[in-house]
Amino acid sequence: MRFAWIEGKVSELSREIESHKKELGDHGRSITYLVREIALKEQLLKSLQSFETLAQERLSEEIEKLKMVPGLEKYEIDEGRGKIVFYTLPVHIKHKRKQYEIGRFRIDVGLDGTVLFKNIANTCRYPLYDHPHTRDGEPCLGNLTESVGKLVGNIQLATLAEVLIQYLEIYYEEDAYCKIEYWKEI
């Protein structure tokens, strides 16, 4: 002979035990997931801290090299906007036995590889143009685009400055947005 209240209590306790076992299993899976997430994030944190140290060392080396770049007057590192700004000495282009004074440039290079040219001492008859191969400050870099991105990514600022200054010193008549003759002949 069994008592009805005992049967009810046994059934209730059995359900609670099963519920707690399920909850314990769920917590176990959560704990496993969290332990893995913590390990991954700690690894990522160490990698970022290591990269930051390496990047700072690389940046210090590159700043020394920037002092030796031909045609570079000065530079600024704008950490807040994530870009480096190069200022050139006067840029000249030789074309068909003539030489043209193009001007002095401010070159903004973003950490994403974007490049903008601004002629800050423009000798062009039409001030709309900063350079024969730029439109609205944006250069047509063509196959240099990938190289610029790699140089930015590898923190090779001195080489980047050299490449961009050399770009400013070249004129290809067939690819130009405007004629070189718009600038002052010297």
# chains A, B, ... in the order shown; residues from 1 in each chain; ligands from 1
>>> select_by_dssp(residues="range 3-128 of chain A", states="strand (DSSP E or B)", output="PyMOL selection string")
chain A and resi 72-78+83-88+91-95+98-103+105-110+115-119
>>> residues_around(residues="Leu116 in chain A", least_positions_apart="5", cutoff="8 Å", atoms="only C-alpha atoms", output="ChimeraX atom specification")
/A:107-109,137-139
>>> atom_distance(atom1="CA of Thr134 in chain A", atom2="CA of Ile77 in chain A")
23.1 Å
>>> atom_distance(atom1="CA of Val152 in chain A", atom2="CA of Ala121 in chain A")
26.3 Å
>>> residues_around(residues="Tyr129 in chain A", least_positions_apart="4", cutoff="10 Å", atoms="only C-alpha atoms", output="ChimeraX atom specification")
/A:118-119,122-125,133-137,177-179,182-183
>>> write_last_selection(atoms="N, CA and C atoms", output="CSV table (one decimal), in the first residue's frame")
chain,number,residue,atom,x,y,z
A,118,LYS,N,47.4,66.9,-52.8
A,118,LYS,CA,47.0,68.3,-52.8
A,118,LYS,C,48.2,69.1,-53.2
A,119,ASN,N,48.1,69.9,-54.3
A,119,ASN,CA,49.2,70.7,-54.7
A,119,ASN,C,49.1,72.0,-53.9
A,122,ASN,N,50.6,75.4,-56.5
A,122,ASN,CA,50.3,75.0,-57.9
A,122,ASN,C,50.6,76.1,-58.9
A,123,THR,N,51.3,75.7,-60.0
A,123,THR,CA,51.6,76.6,-61.0
A,123,THR,C,50.8,76.4,-62.3
A,124,CYS,N,49.7,75.6,-62.1
A,124,CYS,CA,48.9,75.3,-63.3
A,124,CYS,C,48.0,76.5,-63.6
A,125,ARG,N,47.8,76.7,-64.9
A,125,ARG,CA,46.9,77.8,-65.4
A,125,ARG,C,45.5,77.5,-64.9
A,133,HIS,N,48.0,63.7,-63.6
A,133,HIS,CA,47.5,62.4,-63.3
A,133,HIS,C,46.6,62.3,-62.1
A,134,THR,N,46.0,63.4,-61.6
A,134,THR,CA,45.1,63.3,-60.5
A,134,THR,C,43.8,64.1,-60.9
A,135,ARG,N,42.8,63.7,-60.3
A,135,ARG,CA,41.5,64.3,-60.4
A,135,ARG,C,40.9,64.5,-59.0
A,136,ASP,N,40.5,65.7,-58.7
A,136,ASP,CA,40.0,66.0,-57.3
A,136,ASP,C,40.9,65.4,-56.2
A,137,GLY,N,42.2,65.5,-56.4
A,137,GLY,CA,43.1,65.0,-55.4
A,137,GLY,C,43.4,63.5,-55.5
A,177,TYR,N,45.0,63.3,-67.3
A,177,TYR,CA,43.7,64.0,-67.2
A,177,TYR,C,43.8,65.3,-67.9
A,178,CYS,N,45.0,65.9,-68.0
A,178,CYS,CA,45.1,67.2,-68.6
A,178,CYS,C,46.6,67.3,-69.2
A,179,LYS,N,46.8,68.3,-70.0
A,179,LYS,CA,48.1,68.5,-70.6
A,179,LYS,C,49.1,69.1,-69.6
A,182,TYR,N,49.8,72.9,-69.3
A,182,TYR,CA,49.1,73.8,-68.4
A,182,TYR,C,49.9,74.3,-67.2
A,183,TRP,N,51.1,73.7,-67.0
A,183,TRP,CA,51.9,74.1,-65.9
A,183,TRP,C,53.1,75.0,-66.4
>>> atom_distance(atom1="CA of Glu162 in chain A", atom2="CA of Leu144 in chain A")
12.5 Å
>>> residues_around(residues="range 153-160 of chain A", least_positions_apart="5", cutoff="8 Å", atoms="only C-alpha atoms", output="ChimeraX atom specification")
/A:55,58-59,62-63,65-66,69,111,148
>>> select_by_dssp(residues="range 104-185 of chain A", states="alpha helix (DSSP H)", output="list in words")
Leu144, Thr145, Glu146, Ser147, Val148, Gly149, Lys150, Leu151, Val152, Gly153, Leu157, Ala158, Thr159, Leu160, Ala161, Glu162, Val163, Leu164, Ile165, Gln166, Tyr167 and Leu168 of chain A
>>> closest_residue(among="A:Ile170, A:Lys67, A:Gly8, A:Gly28", to="Val91 in chain A", atoms="only C-alpha atoms")
A:Ile170
>>> residues_around(residues="range 92-101 of chain A", least_positions_apart="6", cutoff="6 Å", atoms="only C-alpha atoms", output="list in words")
Glu169, Lys184, Glu185 and Ile186 of chain A
>>> write_last_selection(atoms="N, CA and C atoms", output="mmCIF file, in the first residue's frame")
data_model
loop_
_atom_site.group_PDB
_atom_site.id
_atom_site.type_symbol
_atom_site.label_atom_id
_atom_site.label_comp_id
_atom_site.auth_asym_id
_atom_site.auth_seq_id
_atom_site.Cartn_x
_atom_site.Cartn_y
_atom_site.Cartn_z
ATOM 1 N N GLU A 169 56.634 62.832 -60.340
ATOM 2 C CA GLU A 169 57.655 63.343 -61.259
ATOM 3 C C GLU A 169 57.561 62.738 -62.662
ATOM 4 N N LYS A 184 53.666 75.681 -65.468
ATOM 5 C CA LYS A 184 54.721 76.646 -65.778
ATOM 6 C C LYS A 184 55.975 75.949 -66.302
ATOM 7 N N GLU A 185 56.404 76.381 -67.480
ATOM 8 C CA GLU A 185 57.633 75.840 -68.053
ATOM 9 C C GLU A 185 58.814 76.588 -67.438
ATOM 10 N N ILE A 186 59.861 75.823 -67.100
ATOM 11 C CA ILE A 186 61.055 76.473 -66.517
ATOM 12 C C ILE A 186 62.285 76.156 -67.340
#
>>> residues_around(residues="range 83-88 of chain A", least_positions_apart="6", cutoff="8 Å", atoms="only C-alpha atoms", output="list of chain:residue names")
A:Gly71, A:Leu72, A:Glu73, A:Lys74, A:Tyr75, A:Glu76, A:Ile77, A:Arg104, A:Phe105, A:Arg106, A:Ile107, A:Asp108, A:Val109, A:Gly110, A:Leu111, A:Ala161, A:Ile165
>>> write_last_selection(atoms="all heavy atoms", output="compact mmCIF listing (two decimals), in the first residue's frame")
# COMPACT_ATOMS: atom_id res chain seq x y z
N GLY A 71 63.40 64.56 -52.20
CA GLY A 71 62.18 65.26 -52.56
C GLY A 71 61.17 65.42 -51.44
O GLY A 71 60.13 66.07 -51.61
N LEU A 72 61.45 64.83 -50.28
CA LEU A 72 60.54 64.93 -49.14
C LEU A 72 60.99 66.07 -48.23
O LEU A 72 62.12 66.07 -47.74
CB LEU A 72 60.50 63.62 -48.35
CG LEU A 72 59.55 63.57 -47.16
CD1 LEU A 72 58.10 63.70 -47.61
CD2 LEU A 72 59.74 62.28 -46.38
N GLU A 73 60.11 67.05 -48.05
CA GLU A 73 60.44 68.18 -47.19
C GLU A 73 60.21 67.85 -45.72
O GLU A 73 61.05 68.09 -44.86
CB GLU A 73 59.61 69.40 -47.59
CG GLU A 73 59.91 70.63 -46.78
CD GLU A 73 59.10 71.84 -47.20
OE1 GLU A 73 58.05 71.68 -47.85
OE2 GLU A 73 59.52 72.96 -46.86
N LYS A 74 59.02 67.31 -45.43
CA LYS A 74 58.69 66.94 -44.06
C LYS A 74 57.53 65.94 -44.08
O LYS A 74 56.96 65.66 -45.13
CB LYS A 74 58.33 68.17 -43.22
CG LYS A 74 57.09 68.91 -43.67
CD LYS A 74 56.80 70.12 -42.78
CE LYS A 74 55.51 70.81 -43.23
NZ LYS A 74 55.14 71.88 -42.33
N TYR A 75 57.19 65.44 -42.92
CA TYR A 75 56.09 64.48 -42.79
C TYR A 75 55.41 64.69 -41.44
O TYR A 75 55.98 65.28 -40.52
CB TYR A 75 56.60 63.04 -42.90
CG TYR A 75 57.52 62.68 -41.77
CD1 TYR A 75 57.03 62.15 -40.59
CD2 TYR A 75 58.88 62.92 -41.87
CE1 TYR A 75 57.87 61.88 -39.54
CE2 TYR A 75 59.73 62.65 -40.81
CZ TYR A 75 59.22 62.12 -39.65
OH TYR A 75 60.04 61.85 -38.61
N GLU A 76 54.17 64.22 -41.35
CA GLU A 76 53.43 64.25 -40.09
C GLU A 76 52.71 62.92 -39.94
O GLU A 76 52.23 62.36 -40.94
CB GLU A 76 52.36 65.35 -40.11
CG GLU A 76 52.89 66.75 -40.24
CD GLU A 76 51.77 67.78 -40.49
OE1 GLU A 76 50.60 67.38 -40.64
OE2 GLU A 76 52.10 68.96 -40.55
N ILE A 77 52.63 62.43 -38.73
CA ILE A 77 51.85 61.22 -38.47
C ILE A 77 50.63 61.66 -37.67
O ILE A 77 50.75 62.20 -36.59
CB ILE A 77 52.68 60.17 -37.70
CG1 ILE A 77 53.86 59.74 -38.57
CG2 ILE A 77 51.80 58.98 -37.32
CD1 ILE A 77 54.82 58.81 -37.92
N ARG A 104 54.43 72.08 -55.13
CA ARG A 104 54.76 71.32 -53.92
C ARG A 104 53.49 70.60 -53.48
O ARG A 104 52.40 71.16 -53.58
CB ARG A 104 55.27 72.25 -52.82
CG ARG A 104 56.64 72.82 -53.15
CD ARG A 104 57.20 73.81 -52.12
NE ARG A 104 56.80 73.60 -50.76
CZ ARG A 104 55.95 74.39 -50.09
NH1 ARG A 104 55.41 75.46 -50.66
NH2 ARG A 104 55.65 74.15 -48.84
N PHE A 105 53.65 69.40 -52.98
CA PHE A 105 52.47 68.58 -52.67
C PHE A 105 52.37 68.19 -51.21
O PHE A 105 53.37 68.00 -50.52
CB PHE A 105 52.50 67.29 -53.51
CG PHE A 105 52.14 67.51 -54.94
CD1 PHE A 105 53.10 67.94 -55.83
CD2 PHE A 105 50.85 67.30 -55.39
CE1 PHE A 105 52.78 68.16 -57.15
CE2 PHE A 105 50.52 67.51 -56.71
CZ PHE A 105 51.48 67.95 -57.60
N ARG A 106 51.13 68.07 -50.80
CA ARG A 106 50.77 67.43 -49.54
C ARG A 106 50.16 66.09 -49.97
O ARG A 106 49.22 66.06 -50.77
CB ARG A 106 49.72 68.24 -48.79
CG ARG A 106 49.20 67.54 -47.56
CD ARG A 106 47.98 68.26 -46.98
NE ARG A 106 47.30 67.38 -46.07
CZ ARG A 106 47.09 67.65 -44.79
NH1 ARG A 106 47.47 68.81 -44.30
NH2 ARG A 106 46.48 66.79 -44.02
N ILE A 107 50.73 65.00 -49.47
CA ILE A 107 50.25 63.66 -49.82
C ILE A 107 49.70 63.01 -48.55
O ILE A 107 50.45 62.79 -47.59
CB ILE A 107 51.39 62.78 -50.38
CG1 ILE A 107 52.09 63.48 -51.55
CG2 ILE A 107 50.85 61.42 -50.79
CD1 ILE A 107 53.39 62.79 -51.99
N ASP A 108 48.42 62.75 -48.54
CA ASP A 108 47.78 62.10 -47.40
C ASP A 108 47.63 60.61 -47.71
O ASP A 108 47.02 60.25 -48.72
CB ASP A 108 46.39 62.67 -47.14
CG ASP A 108 46.42 64.09 -46.62
OD1 ASP A 108 47.28 64.85 -47.07
OD2 ASP A 108 45.59 64.44 -45.77
N VAL A 109 48.17 59.76 -46.83
CA VAL A 109 48.07 58.32 -47.02
C VAL A 109 47.37 57.74 -45.80
O VAL A 109 47.87 57.84 -44.68
CB VAL A 109 49.46 57.67 -47.19
CG1 VAL A 109 49.31 56.17 -47.42
CG2 VAL A 109 50.23 58.32 -48.32
N GLY A 110 46.20 57.14 -46.02
CA GLY A 110 45.45 56.52 -44.93
C GLY A 110 45.96 55.12 -44.64
O GLY A 110 46.57 54.47 -45.49
N LEU A 111 45.70 54.65 -43.43
CA LEU A 111 46.10 53.29 -43.07
C LEU A 111 45.39 52.24 -43.91
O LEU A 111 45.82 51.10 -43.97
CB LEU A 111 45.84 53.04 -41.58
CG LEU A 111 46.70 53.84 -40.62
CD1 LEU A 111 46.33 53.53 -39.18
CD2 LEU A 111 48.18 53.57 -40.85
N ALA A 161 56.98 56.84 -49.46
CA ALA A 161 57.20 58.26 -49.81
C ALA A 161 57.97 58.36 -51.12
O ALA A 161 57.62 59.16 -51.99
CB ALA A 161 57.94 58.98 -48.69
N ILE A 165 56.49 60.13 -54.52
CA ILE A 165 57.18 61.30 -55.08
C ILE A 165 57.62 61.01 -56.52
O ILE A 165 57.48 61.86 -57.40
CB ILE A 165 58.35 61.73 -54.17
CG1 ILE A 165 57.79 62.29 -52.86
CG2 ILE A 165 59.24 62.75 -54.87
CD1 ILE A 165 58.83 62.52 -51.77
